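Content type compact mmCIF, N, CA and C atoms and all ligand atoms, from the file start_31.txt:
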# COMPACT_ATOMS: atom_id res chain seq x y z
N MET A 1 -42.50 36.01 2.27
CA MET A 1 -42.02 37.38 2.16
C MET A 1 -41.44 37.78 3.50
N SER A 2 -40.23 38.28 3.46
CA SER A 2 -39.66 38.76 4.71
C SER A 2 -38.41 39.58 4.42
N TRP A 3 -38.02 40.28 5.45
CA TRP A 3 -36.77 41.03 5.39
C TRP A 3 -35.64 40.07 5.76
N HIS A 4 -34.54 40.19 5.06
CA HIS A 4 -33.38 39.33 5.30
C HIS A 4 -32.22 40.19 5.79
N PRO A 5 -31.70 39.92 7.00
CA PRO A 5 -30.48 40.62 7.42
C PRO A 5 -29.31 40.15 6.57
N VAL A 6 -28.52 41.10 6.07
CA VAL A 6 -27.47 40.75 5.11
C VAL A 6 -26.08 40.95 5.69
N LEU A 7 -25.82 42.12 6.25
CA LEU A 7 -24.52 42.38 6.85
C LEU A 7 -24.65 43.56 7.79
N PRO A 8 -23.71 43.66 8.75
CA PRO A 8 -23.74 44.82 9.64
C PRO A 8 -23.63 46.11 8.84
N ALA A 9 -24.44 47.09 9.20
CA ALA A 9 -24.50 48.34 8.44
C ALA A 9 -23.13 49.00 8.34
N GLY A 10 -22.30 48.87 9.38
CA GLY A 10 -20.98 49.49 9.37
C GLY A 10 -20.02 48.86 8.37
N GLU A 11 -20.36 47.69 7.86
CA GLU A 11 -19.49 47.02 6.90
C GLU A 11 -19.79 47.40 5.45
N LEU A 12 -20.89 48.12 5.24
CA LEU A 12 -21.22 48.54 3.86
C LEU A 12 -20.60 49.91 3.63
N GLU A 13 -19.51 49.93 2.87
CA GLU A 13 -18.79 51.18 2.64
C GLU A 13 -19.55 52.09 1.70
N ASP A 14 -19.42 53.37 1.95
CA ASP A 14 -20.09 54.37 1.13
C ASP A 14 -19.59 54.28 -0.32
N ARG A 15 -20.51 54.30 -1.25
CA ARG A 15 -20.21 54.35 -2.69
C ARG A 15 -19.33 53.19 -3.17
N THR A 16 -19.52 52.03 -2.54
CA THR A 16 -18.77 50.84 -2.93
C THR A 16 -19.77 49.72 -3.23
N PRO A 17 -20.07 49.45 -4.51
CA PRO A 17 -20.99 48.35 -4.82
C PRO A 17 -20.49 47.06 -4.19
N THR A 18 -21.37 46.39 -3.48
CA THR A 18 -20.99 45.24 -2.67
C THR A 18 -21.89 44.05 -2.98
N ALA A 19 -21.28 42.91 -3.27
CA ALA A 19 -22.04 41.70 -3.56
C ALA A 19 -22.54 41.07 -2.27
N ALA A 20 -23.76 40.52 -2.32
CA ALA A 20 -24.32 39.83 -1.16
C ALA A 20 -25.22 38.71 -1.64
N ASP A 21 -25.22 37.64 -0.86
CA ASP A 21 -26.16 36.54 -1.10
C ASP A 21 -27.34 36.75 -0.16
N VAL A 22 -28.51 36.97 -0.75
CA VAL A 22 -29.71 37.19 0.05
C VAL A 22 -30.65 36.02 -0.19
N ASP A 23 -30.63 35.08 0.73
CA ASP A 23 -31.48 33.90 0.61
C ASP A 23 -31.30 33.22 -0.75
N GLY A 24 -30.05 33.12 -1.18
CA GLY A 24 -29.75 32.44 -2.43
C GLY A 24 -29.82 33.31 -3.67
N ARG A 25 -30.16 34.58 -3.51
CA ARG A 25 -30.24 35.49 -4.67
C ARG A 25 -29.05 36.45 -4.62
N ALA A 26 -28.36 36.60 -5.74
CA ALA A 26 -27.22 37.51 -5.81
C ALA A 26 -27.73 38.94 -5.90
N VAL A 27 -27.35 39.73 -4.91
CA VAL A 27 -27.82 41.12 -4.81
C VAL A 27 -26.60 42.02 -4.70
N CYS A 28 -26.72 43.20 -5.30
CA CYS A 28 -25.70 44.24 -5.17
C CYS A 28 -26.24 45.31 -4.24
N LEU A 29 -25.46 45.67 -3.22
CA LEU A 29 -25.84 46.71 -2.27
C LEU A 29 -25.01 47.95 -2.54
N VAL A 30 -25.65 49.11 -2.45
CA VAL A 30 -24.93 50.37 -2.60
C VAL A 30 -25.41 51.33 -1.51
N ARG A 31 -24.44 51.89 -0.78
CA ARG A 31 -24.75 52.96 0.18
C ARG A 31 -24.35 54.28 -0.47
N LEU A 32 -25.30 55.23 -0.46
CA LEU A 32 -25.01 56.60 -0.88
C LEU A 32 -25.28 57.48 0.33
N GLY A 33 -24.30 57.61 1.17
CA GLY A 33 -24.52 58.36 2.41
C GLY A 33 -25.51 57.63 3.29
N GLU A 34 -26.63 58.27 3.58
CA GLU A 34 -27.66 57.65 4.42
C GLU A 34 -28.58 56.73 3.62
N GLU A 35 -28.52 56.82 2.30
CA GLU A 35 -29.40 56.00 1.46
C GLU A 35 -28.81 54.60 1.25
N LEU A 36 -29.66 53.60 1.30
CA LEU A 36 -29.27 52.23 0.97
C LEU A 36 -30.08 51.78 -0.24
N HIS A 37 -29.40 51.10 -1.16
CA HIS A 37 -30.07 50.60 -2.36
C HIS A 37 -29.64 49.17 -2.61
N ALA A 38 -30.56 48.39 -3.15
CA ALA A 38 -30.28 46.98 -3.44
C ALA A 38 -30.95 46.60 -4.75
N PHE A 39 -30.25 45.80 -5.53
CA PHE A 39 -30.78 45.35 -6.82
C PHE A 39 -30.06 44.07 -7.19
N ASP A 40 -30.65 43.32 -8.13
CA ASP A 40 -30.01 42.08 -8.55
C ASP A 40 -28.59 42.35 -9.04
N ASP A 41 -27.68 41.50 -8.63
CA ASP A 41 -26.27 41.65 -9.03
C ASP A 41 -26.04 40.98 -10.37
N ALA A 42 -26.87 41.34 -11.32
CA ALA A 42 -26.79 40.75 -12.67
C ALA A 42 -27.23 41.82 -13.66
N CYS A 43 -26.32 42.19 -14.52
CA CYS A 43 -26.64 43.20 -15.53
C CYS A 43 -27.78 42.70 -16.42
N PRO A 44 -28.79 43.53 -16.69
CA PRO A 44 -29.88 43.10 -17.56
C PRO A 44 -29.43 42.77 -18.99
N HIS A 45 -28.25 43.21 -19.37
CA HIS A 45 -27.76 42.95 -20.72
C HIS A 45 -27.27 41.51 -20.86
N ARG A 46 -26.18 41.17 -20.19
CA ARG A 46 -25.62 39.82 -20.29
C ARG A 46 -25.27 39.26 -18.91
N GLN A 47 -25.90 39.79 -17.89
CA GLN A 47 -25.82 39.27 -16.52
C GLN A 47 -24.44 39.40 -15.87
N TRP A 48 -23.60 40.26 -16.37
CA TRP A 48 -22.31 40.50 -15.72
C TRP A 48 -22.56 41.00 -14.30
N PRO A 49 -21.78 40.57 -13.31
CA PRO A 49 -22.00 41.04 -11.93
C PRO A 49 -21.86 42.56 -11.82
N LEU A 50 -22.91 43.21 -11.37
CA LEU A 50 -22.89 44.67 -11.33
C LEU A 50 -22.02 45.23 -10.20
N HIS A 51 -21.74 44.42 -9.18
CA HIS A 51 -20.89 44.95 -8.11
C HIS A 51 -19.47 45.21 -8.61
N LEU A 52 -19.14 44.70 -9.79
CA LEU A 52 -17.83 44.94 -10.38
C LEU A 52 -17.79 46.25 -11.16
N GLY A 53 -18.93 46.90 -11.27
CA GLY A 53 -19.01 48.12 -12.05
C GLY A 53 -18.43 49.32 -11.33
N ALA A 54 -18.46 50.45 -12.03
CA ALA A 54 -17.92 51.70 -11.49
C ALA A 54 -19.07 52.63 -11.14
N LEU A 55 -18.99 53.21 -9.96
CA LEU A 55 -20.04 54.11 -9.50
C LEU A 55 -19.55 55.55 -9.66
N ASP A 56 -20.37 56.38 -10.31
CA ASP A 56 -20.08 57.80 -10.48
C ASP A 56 -21.30 58.56 -9.99
N GLY A 57 -21.21 59.11 -8.80
CA GLY A 57 -22.42 59.70 -8.20
C GLY A 57 -23.39 58.58 -7.90
N ALA A 58 -24.59 58.66 -8.47
CA ALA A 58 -25.58 57.61 -8.27
C ALA A 58 -25.69 56.70 -9.49
N VAL A 59 -24.78 56.88 -10.45
CA VAL A 59 -24.85 56.11 -11.70
C VAL A 59 -23.80 55.00 -11.67
N LEU A 60 -24.28 53.78 -11.88
CA LEU A 60 -23.41 52.60 -11.91
C LEU A 60 -23.21 52.18 -13.36
N ARG A 61 -21.94 52.01 -13.75
CA ARG A 61 -21.61 51.59 -15.11
C ARG A 61 -21.16 50.15 -15.08
N CYS A 62 -21.83 49.29 -15.86
CA CYS A 62 -21.44 47.89 -15.94
C CYS A 62 -20.05 47.80 -16.56
N ARG A 63 -19.24 46.93 -15.98
CA ARG A 63 -17.86 46.79 -16.43
C ARG A 63 -17.76 46.17 -17.82
N ALA A 64 -18.78 45.39 -18.20
CA ALA A 64 -18.66 44.64 -19.46
C ALA A 64 -18.85 45.53 -20.70
N HIS A 65 -19.98 46.24 -20.80
CA HIS A 65 -20.26 47.00 -22.03
C HIS A 65 -20.73 48.42 -21.74
N THR A 66 -20.50 48.88 -20.53
CA THR A 66 -20.71 50.28 -20.12
C THR A 66 -22.15 50.76 -20.12
N TRP A 67 -23.13 49.85 -20.06
CA TRP A 67 -24.49 50.32 -19.83
C TRP A 67 -24.50 50.95 -18.44
N GLU A 68 -25.40 51.91 -18.24
CA GLU A 68 -25.43 52.65 -16.97
C GLU A 68 -26.85 52.74 -16.41
N TRP A 69 -26.92 52.67 -15.08
CA TRP A 69 -28.20 52.78 -14.37
C TRP A 69 -28.06 53.71 -13.19
N ASP A 70 -29.18 54.33 -12.83
CA ASP A 70 -29.26 55.09 -11.59
C ASP A 70 -29.59 54.10 -10.49
N VAL A 71 -28.71 53.94 -9.51
CA VAL A 71 -28.92 52.92 -8.47
C VAL A 71 -30.05 53.29 -7.51
N ARG A 72 -30.55 54.54 -7.59
CA ARG A 72 -31.62 54.94 -6.69
C ARG A 72 -32.97 54.39 -7.12
N ASP A 73 -33.16 54.23 -8.44
CA ASP A 73 -34.45 53.71 -8.91
C ASP A 73 -34.30 52.62 -9.98
N GLY A 74 -33.07 52.31 -10.35
CA GLY A 74 -32.83 51.24 -11.32
C GLY A 74 -33.00 51.66 -12.76
N SER A 75 -33.26 52.93 -13.01
CA SER A 75 -33.54 53.36 -14.38
C SER A 75 -32.28 53.37 -15.24
N LEU A 76 -32.46 52.97 -16.49
CA LEU A 76 -31.35 52.96 -17.44
C LEU A 76 -31.00 54.39 -17.80
N GLN A 77 -29.72 54.72 -17.77
CA GLN A 77 -29.27 56.08 -18.06
C GLN A 77 -28.66 56.20 -19.45
N ARG A 78 -28.07 55.12 -19.94
CA ARG A 78 -27.38 55.24 -21.21
C ARG A 78 -27.30 53.86 -21.86
N MET A 79 -27.49 53.78 -23.10
CA MET A 79 -27.36 52.64 -24.00
C MET A 79 -28.68 52.29 -24.63
N ARG A 80 -28.78 51.10 -25.16
CA ARG A 80 -29.79 50.83 -26.18
C ARG A 80 -31.15 50.37 -25.68
N ALA A 81 -31.20 49.46 -24.76
CA ALA A 81 -32.47 48.83 -24.42
C ALA A 81 -33.06 49.45 -23.15
N PRO A 82 -34.37 49.51 -23.09
CA PRO A 82 -35.01 50.10 -21.90
C PRO A 82 -35.12 49.08 -20.76
N GLU A 83 -34.01 48.47 -20.41
CA GLU A 83 -34.04 47.47 -19.35
C GLU A 83 -33.55 48.08 -18.05
N CYS A 84 -34.41 48.04 -17.06
CA CYS A 84 -34.06 48.61 -15.76
C CYS A 84 -33.54 47.51 -14.85
N LEU A 85 -32.92 47.93 -13.77
CA LEU A 85 -32.47 46.97 -12.76
C LEU A 85 -33.67 46.44 -12.00
N THR A 86 -33.55 45.21 -11.50
CA THR A 86 -34.57 44.67 -10.60
C THR A 86 -34.19 45.12 -9.19
N MET A 87 -34.95 46.08 -8.69
CA MET A 87 -34.65 46.69 -7.40
C MET A 87 -35.31 45.91 -6.27
N HIS A 88 -34.70 45.99 -5.09
CA HIS A 88 -35.25 45.39 -3.87
C HIS A 88 -35.27 46.45 -2.78
N GLU A 89 -36.32 46.41 -1.97
CA GLU A 89 -36.36 47.34 -0.84
C GLU A 89 -35.22 46.99 0.11
N THR A 90 -34.66 48.02 0.70
CA THR A 90 -33.60 47.78 1.68
C THR A 90 -33.71 48.81 2.79
N ARG A 91 -33.19 48.47 3.94
CA ARG A 91 -33.26 49.37 5.09
C ARG A 91 -32.16 48.98 6.08
N GLU A 92 -31.94 49.88 7.04
CA GLU A 92 -31.06 49.55 8.15
C GLU A 92 -31.95 49.32 9.36
N GLN A 93 -31.79 48.17 9.99
CA GLN A 93 -32.63 47.79 11.14
C GLN A 93 -31.74 47.16 12.20
N ASP A 94 -31.74 47.73 13.39
CA ASP A 94 -30.95 47.20 14.50
C ASP A 94 -29.48 46.99 14.11
N GLY A 95 -28.95 47.94 13.34
CA GLY A 95 -27.54 47.89 12.98
C GLY A 95 -27.22 46.97 11.82
N MET A 96 -28.24 46.39 11.21
CA MET A 96 -28.01 45.49 10.07
C MET A 96 -28.64 46.09 8.81
N VAL A 97 -27.97 45.84 7.67
CA VAL A 97 -28.58 46.13 6.38
C VAL A 97 -29.51 44.96 6.08
N GLU A 98 -30.76 45.27 5.80
CA GLU A 98 -31.74 44.23 5.48
C GLU A 98 -32.29 44.47 4.08
N VAL A 99 -32.60 43.38 3.41
CA VAL A 99 -33.16 43.42 2.05
C VAL A 99 -34.45 42.64 2.05
N PHE A 100 -35.46 43.20 1.39
CA PHE A 100 -36.76 42.55 1.26
C PHE A 100 -36.84 41.93 -0.13
N LEU A 101 -37.01 40.63 -0.18
CA LEU A 101 -37.18 39.95 -1.48
C LEU A 101 -38.66 39.74 -1.73
N ASP A 102 -39.15 40.39 -2.76
CA ASP A 102 -40.55 40.26 -3.14
C ASP A 102 -40.69 39.01 -4.00
N PRO A 103 -41.52 38.04 -3.59
CA PRO A 103 -41.66 36.83 -4.40
C PRO A 103 -42.22 37.10 -5.79
N ALA A 104 -42.81 38.29 -5.98
CA ALA A 104 -43.34 38.64 -7.30
C ALA A 104 -42.26 39.19 -8.22
N ALA A 105 -41.07 39.44 -7.67
CA ALA A 105 -39.98 39.97 -8.51
C ALA A 105 -39.61 38.92 -9.55
N PRO A 106 -39.26 39.37 -10.75
CA PRO A 106 -38.85 38.39 -11.77
C PRO A 106 -37.60 37.64 -11.32
N ALA A 107 -37.52 36.39 -11.73
CA ALA A 107 -36.35 35.58 -11.37
C ALA A 107 -35.10 36.18 -11.99
N ALA A 108 -34.00 36.09 -11.25
CA ALA A 108 -32.74 36.58 -11.77
C ALA A 108 -32.27 35.65 -12.88
N LYS A 109 -31.74 36.25 -13.95
CA LYS A 109 -31.22 35.44 -15.05
C LYS A 109 -29.82 34.96 -14.69
N PRO A 110 -29.51 33.71 -14.99
CA PRO A 110 -28.17 33.21 -14.69
C PRO A 110 -27.15 33.71 -15.71
N LEU A 111 -25.92 33.79 -15.27
CA LEU A 111 -24.81 34.13 -16.14
C LEU A 111 -24.56 32.92 -17.04
N SER A 112 -24.42 33.16 -18.35
CA SER A 112 -24.17 32.03 -19.24
C SER A 112 -22.78 31.45 -18.96
N PRO A 113 -22.56 30.18 -19.30
CA PRO A 113 -21.22 29.59 -19.08
C PRO A 113 -20.12 30.38 -19.76
N LEU A 114 -20.38 30.90 -20.97
CA LEU A 114 -19.36 31.69 -21.66
C LEU A 114 -19.00 32.93 -20.86
N TRP A 115 -20.01 33.64 -20.42
CA TRP A 115 -19.74 34.87 -19.66
C TRP A 115 -19.15 34.54 -18.30
N LYS A 116 -19.54 33.43 -17.71
CA LYS A 116 -18.97 33.04 -16.42
C LYS A 116 -17.46 32.86 -16.57
N ARG A 117 -17.05 32.23 -17.66
CA ARG A 117 -15.61 32.05 -17.88
C ARG A 117 -14.91 33.41 -18.04
N GLN A 118 -15.57 34.35 -18.72
CA GLN A 118 -14.96 35.66 -18.91
C GLN A 118 -14.86 36.44 -17.60
N VAL A 119 -15.88 36.30 -16.77
CA VAL A 119 -15.83 36.95 -15.46
C VAL A 119 -14.69 36.38 -14.65
N GLU A 120 -14.57 35.05 -14.67
CA GLU A 120 -13.49 34.41 -13.92
C GLU A 120 -12.13 34.80 -14.48
N ALA A 121 -12.04 34.91 -15.83
CA ALA A 121 -10.77 35.32 -16.44
C ALA A 121 -10.40 36.75 -16.07
N ALA A 122 -11.41 37.54 -15.75
CA ALA A 122 -11.16 38.94 -15.38
C ALA A 122 -10.63 39.02 -13.95
N GLY A 123 -10.47 37.86 -13.31
CA GLY A 123 -9.86 37.87 -11.98
C GLY A 123 -10.84 38.10 -10.87
N VAL A 124 -12.08 37.79 -11.09
CA VAL A 124 -13.09 38.00 -10.06
C VAL A 124 -13.79 36.69 -9.74
N ALA A 125 -13.00 35.62 -9.70
CA ALA A 125 -13.55 34.30 -9.40
C ALA A 125 -14.34 34.35 -8.11
N GLY A 126 -15.40 33.60 -8.11
CA GLY A 126 -16.26 33.55 -6.94
C GLY A 126 -17.38 34.55 -6.99
N SER A 127 -17.35 35.45 -7.94
CA SER A 127 -18.43 36.44 -8.03
C SER A 127 -19.38 36.13 -9.17
N ALA A 128 -19.18 35.00 -9.86
CA ALA A 128 -20.02 34.68 -11.00
C ALA A 128 -20.93 33.49 -10.73
N SER A 129 -21.29 33.30 -9.50
CA SER A 129 -22.15 32.15 -9.17
C SER A 129 -23.57 32.42 -9.60
S1 LIG B 201 -23.20 42.72 -19.47
FE1 LIG B 201 -23.53 44.69 -18.59
S2 LIG B 201 -23.52 46.04 -20.27
FE2 LIG B 201 -23.28 44.07 -21.14

Give the structure from the file, written as structure tokens.
Ligand code: FES
Amino acid sequence: MSWHPVLPAGELEDRTPTAADVDGRAVCLVRLGEELHAFDDACPHRQWPLHLGALDGAVLRCRAHTWEWDVRDGSLQRMRAPECLTMHETREQDGMVEVFLDPAAPAAKPLSPLWKRQVEAAGVAGSAS
């Protein structure tokens, strides 16, 4: 268990979902002003990369089927299943955004080959690893 430095805090743009590799785990980072939030970069529905979604206030809408979550606590805001985001603690330390990976967190689900092809076809190659 440890904190992982991810990127300089100045490089995380406000209200811009940003993909990051945190010790081999795909994480989406979101800055809301002074708040930092981190969660698995995989939609709980079909694992579409969430950093490709649209942010409206604190609500992130998945690009694939428009499920929505509050990025502050991972709670589902709209759609069918009560699946929340897998959240990770995050902080700014010595000018770096850091993410804490809890080994007790459930493993991230991989994107299926079919969906990986669709993500790549959408012109976002390299984000479906
Ligand atoms: S993959 Fe995100 S809503 Fe379906």

- Item | strand (DSSP E) per DSSP on the backbone: members of region 1-123 of chain A, as a PyMOL selection string | chain A and resi 2-8+18-22+25-32+35-40+54-56+59-61+68-70+76-78+87-93+96-101

Would you save the residues from that selection as a compact mmCIF listing (two decimals), in the coordinates of the input, using N, CA and C atoms?
# COMPACT_ATOMS: atom_id res chain seq x y z
N SER A 2 -40.23 38.28 3.46
CA SER A 2 -39.66 38.76 4.71
C SER A 2 -38.41 39.58 4.42
N TRP A 3 -38.02 40.28 5.45
CA TRP A 3 -36.77 41.03 5.39
C TRP A 3 -35.64 40.07 5.76
N HIS A 4 -34.54 40.19 5.06
CA HIS A 4 -33.38 39.33 5.30
C HIS A 4 -32.22 40.19 5.79
N PRO A 5 -31.70 39.92 7.00
CA PRO A 5 -30.48 40.62 7.42
C PRO A 5 -29.31 40.15 6.57
N VAL A 6 -28.52 41.10 6.07
CA VAL A 6 -27.47 40.75 5.11
C VAL A 6 -26.08 40.95 5.69
N LEU A 7 -25.82 42.12 6.25
CA LEU A 7 -24.52 42.38 6.85
C LEU A 7 -24.65 43.56 7.79
N PRO A 8 -23.71 43.66 8.75
CA PRO A 8 -23.74 44.82 9.64
C PRO A 8 -23.63 46.11 8.84
N THR A 18 -21.37 46.39 -3.48
CA THR A 18 -20.99 45.24 -2.67
C THR A 18 -21.89 44.05 -2.98
N ALA A 19 -21.28 42.91 -3.27
CA ALA A 19 -22.04 41.70 -3.56
C ALA A 19 -22.54 41.07 -2.27
N ALA A 20 -23.76 40.52 -2.32
CA ALA A 20 -24.32 39.83 -1.16
C ALA A 20 -25.22 38.71 -1.64
N ASP A 21 -25.22 37.64 -0.86
CA ASP A 21 -26.16 36.54 -1.10
C ASP A 21 -27.34 36.75 -0.16
N VAL A 22 -28.51 36.97 -0.75
CA VAL A 22 -29.71 37.19 0.05
C VAL A 22 -30.65 36.02 -0.19
N ARG A 25 -30.16 34.58 -3.51
CA ARG A 25 -30.24 35.49 -4.67
C ARG A 25 -29.05 36.45 -4.62
N ALA A 26 -28.36 36.60 -5.74
CA ALA A 26 -27.22 37.51 -5.81
C ALA A 26 -27.73 38.94 -5.90
N VAL A 27 -27.35 39.73 -4.91
CA VAL A 27 -27.82 41.12 -4.81
C VAL A 27 -26.60 42.02 -4.70
N CYS A 28 -26.72 43.20 -5.30
CA CYS A 28 -25.70 44.24 -5.17
C CYS A 28 -26.24 45.31 -4.24
N LEU A 29 -25.46 45.67 -3.22
CA LEU A 29 -25.84 46.71 -2.27
C LEU A 29 -25.01 47.95 -2.54
N VAL A 30 -25.65 49.11 -2.45
CA VAL A 30 -24.93 50.37 -2.60
C VAL A 30 -25.41 51.33 -1.51
N ARG A 31 -24.44 51.89 -0.78
CA ARG A 31 -24.75 52.96 0.18
C ARG A 31 -24.35 54.28 -0.47
N LEU A 32 -25.30 55.23 -0.46
CA LEU A 32 -25.01 56.60 -0.88
C LEU A 32 -25.28 57.48 0.33
N GLU A 35 -28.52 56.82 2.30
CA GLU A 35 -29.40 56.00 1.46
C GLU A 35 -28.81 54.60 1.25
N LEU A 36 -29.66 53.60 1.30
CA LEU A 36 -29.27 52.23 0.97
C LEU A 36 -30.08 51.78 -0.24
N HIS A 37 -29.40 51.10 -1.16
CA HIS A 37 -30.07 50.60 -2.36
C HIS A 37 -29.64 49.17 -2.61
N ALA A 38 -30.56 48.39 -3.15
CA ALA A 38 -30.28 46.98 -3.44
C ALA A 38 -30.95 46.60 -4.75
N PHE A 39 -30.25 45.80 -5.53
CA PHE A 39 -30.78 45.35 -6.82
C PHE A 39 -30.06 44.07 -7.19
N ASP A 40 -30.65 43.32 -8.13
CA ASP A 40 -30.01 42.08 -8.55
C ASP A 40 -28.59 42.35 -9.04
N ALA A 54 -18.46 50.45 -12.03
CA ALA A 54 -17.92 51.70 -11.49
C ALA A 54 -19.07 52.63 -11.14
N LEU A 55 -18.99 53.21 -9.96
CA LEU A 55 -20.04 54.11 -9.50
C LEU A 55 -19.55 55.55 -9.66
N ASP A 56 -20.37 56.38 -10.31
CA ASP A 56 -20.08 57.80 -10.48
C ASP A 56 -21.30 58.56 -9.99
N VAL A 59 -24.78 56.88 -10.45
CA VAL A 59 -24.85 56.11 -11.70
C VAL A 59 -23.80 55.00 -11.67
N LEU A 60 -24.28 53.78 -11.88
CA LEU A 60 -23.41 52.60 -11.91
C LEU A 60 -23.21 52.18 -13.36
N ARG A 61 -21.94 52.01 -13.75
CA ARG A 61 -21.61 51.59 -15.11
C ARG A 61 -21.16 50.15 -15.08
N GLU A 68 -25.40 51.91 -18.24
CA GLU A 68 -25.43 52.65 -16.97
C GLU A 68 -26.85 52.74 -16.41
N TRP A 69 -26.92 52.67 -15.08
CA TRP A 69 -28.20 52.78 -14.37
C TRP A 69 -28.06 53.71 -13.19
N ASP A 70 -29.18 54.33 -12.83
CA ASP A 70 -29.26 55.09 -11.59
C ASP A 70 -29.59 54.10 -10.49
N LEU A 76 -32.46 52.97 -16.49
CA LEU A 76 -31.35 52.96 -17.44
C LEU A 76 -31.00 54.39 -17.80
N GLN A 77 -29.72 54.72 -17.77
CA GLN A 77 -29.27 56.08 -18.06
C GLN A 77 -28.66 56.20 -19.45
N ARG A 78 -28.07 55.12 -19.94
CA ARG A 78 -27.38 55.24 -21.21
C ARG A 78 -27.30 53.86 -21.86
N MET A 87 -34.95 46.08 -8.69
CA MET A 87 -34.65 46.69 -7.40
C MET A 87 -35.31 45.91 -6.27
N HIS A 88 -34.70 45.99 -5.09
CA HIS A 88 -35.25 45.39 -3.87
C HIS A 88 -35.27 46.45 -2.78
N GLU A 89 -36.32 46.41 -1.97
CA GLU A 89 -36.36 47.34 -0.84
C GLU A 89 -35.22 46.99 0.11
N THR A 90 -34.66 48.02 0.70
CA THR A 90 -33.60 47.78 1.68
C THR A 90 -33.71 48.81 2.79
N ARG A 91 -33.19 48.47 3.94
CA ARG A 91 -33.26 49.37 5.09
C ARG A 91 -32.16 48.98 6.08
N GLU A 92 -31.94 49.88 7.04
CA GLU A 92 -31.06 49.55 8.15
C GLU A 92 -31.95 49.32 9.36
N GLN A 93 -31.79 48.17 9.99
CA GLN A 93 -32.63 47.79 11.14
C GLN A 93 -31.74 47.16 12.20
N MET A 96 -28.24 46.39 11.21
CA MET A 96 -28.01 45.49 10.07
C MET A 96 -28.64 46.09 8.81
N VAL A 97 -27.97 45.84 7.67
CA VAL A 97 -28.58 46.13 6.38
C VAL A 97 -29.51 44.96 6.08
N GLU A 98 -30.76 45.27 5.80
CA GLU A 98 -31.74 44.23 5.48
C GLU A 98 -32.29 44.47 4.08
N VAL A 99 -32.60 43.38 3.41
CA VAL A 99 -33.16 43.42 2.05
C VAL A 99 -34.45 42.64 2.05
N PHE A 100 -35.46 43.20 1.39
CA PHE A 100 -36.76 42.55 1.26
C PHE A 100 -36.84 41.93 -0.13
N LEU A 101 -37.01 40.63 -0.18
CA LEU A 101 -37.18 39.95 -1.48
C LEU A 101 -38.66 39.74 -1.73

- Message: When you count only C-alpha atoms, which of these residues is closest to Gly74 (chain A): A:Ser112, A:Gln47, A:Thr86, A:Gln93?
- Response: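 For Gly74 (chain A), the nearest of the candidates is A:Thr86.
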
Padding 5 Å on every side, please: axis-aligned box over the listed atoms of region 57-67 of chain A, centre and edge lengths to one decimal in Å, as AutoDock Vina command-line options.
--center_x -21.7 --center_y 52.2 --center_z -15.0 --size_x 17.9 --size_y 25.1 --size_z 24.1

- Item | Nearest to Ala64 (chain A), chosen from A:Lys116, A:Glu98, A:Asp14, A:Val30, with only C-alpha atoms counted in the distances | A:Lys116

- Task: Figure out the distance between CA of Leu85 (chain A) and atom N of Ala58 (chain A), please, to one decimal in Å.
- Result: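 About the pair atom N of Ala58 (chain A) and CA of Leu85 (chain A): they are 14.7 Å apart.
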
- Shortest interatomic distance to ligand LIG 201 (chain B) - which of A:Gly10, A:Gly33, A:Pro44, A:Pro5, counting only N, CA and C atoms and all ligand atoms: A:Pro44

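The residues sitting within 6 Å of ligand LIG 201 (chain B), with all atoms listed in the file considered, come out as Cys43, Pro44, His45, Arg46, Gln47, Trp48, Cys62, Arg63, Ala64, His65, Thr66 and Trp67 of chain A.
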
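Taking CA of Ala38 (chain A) as the reference point, CA of Val71 (chain A) is found at 7.9 Å.
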
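Take CA of Arg72 (chain A) and CA of His37 (chain A): the distance between them is 6.3 Å.
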
Would you mind listing what lies within 8 Å of Ala105 (chain A) as a tab-separated table (two decimals) with N, CA and C atoms, in the frame of the given file, with only N, CA and C atoms counted and same-chain residues fewer than 3 positions away left out?
chain	number	residue	atom	x	y	z
A	86	THR	N	-33.55	45.21	-11.50
A	86	THR	CA	-34.57	44.67	-10.60
A	86	THR	C	-34.19	45.12	-9.19
A	87	MET	N	-34.95	46.08	-8.69
A	87	MET	CA	-34.65	46.69	-7.40
A	87	MET	C	-35.31	45.91	-6.27
A	101	LEU	N	-37.01	40.63	-0.18
A	101	LEU	CA	-37.18	39.95	-1.48
A	101	LEU	C	-38.66	39.74	-1.73
A	102	ASP	N	-39.15	40.39	-2.76
A	102	ASP	CA	-40.55	40.26	-3.14
A	102	ASP	C	-40.69	39.01	-4.00
A	108	ALA	N	-34.00	36.09	-11.25
A	108	ALA	CA	-32.74	36.58	-11.77
A	108	ALA	C	-32.27	35.65	-12.88
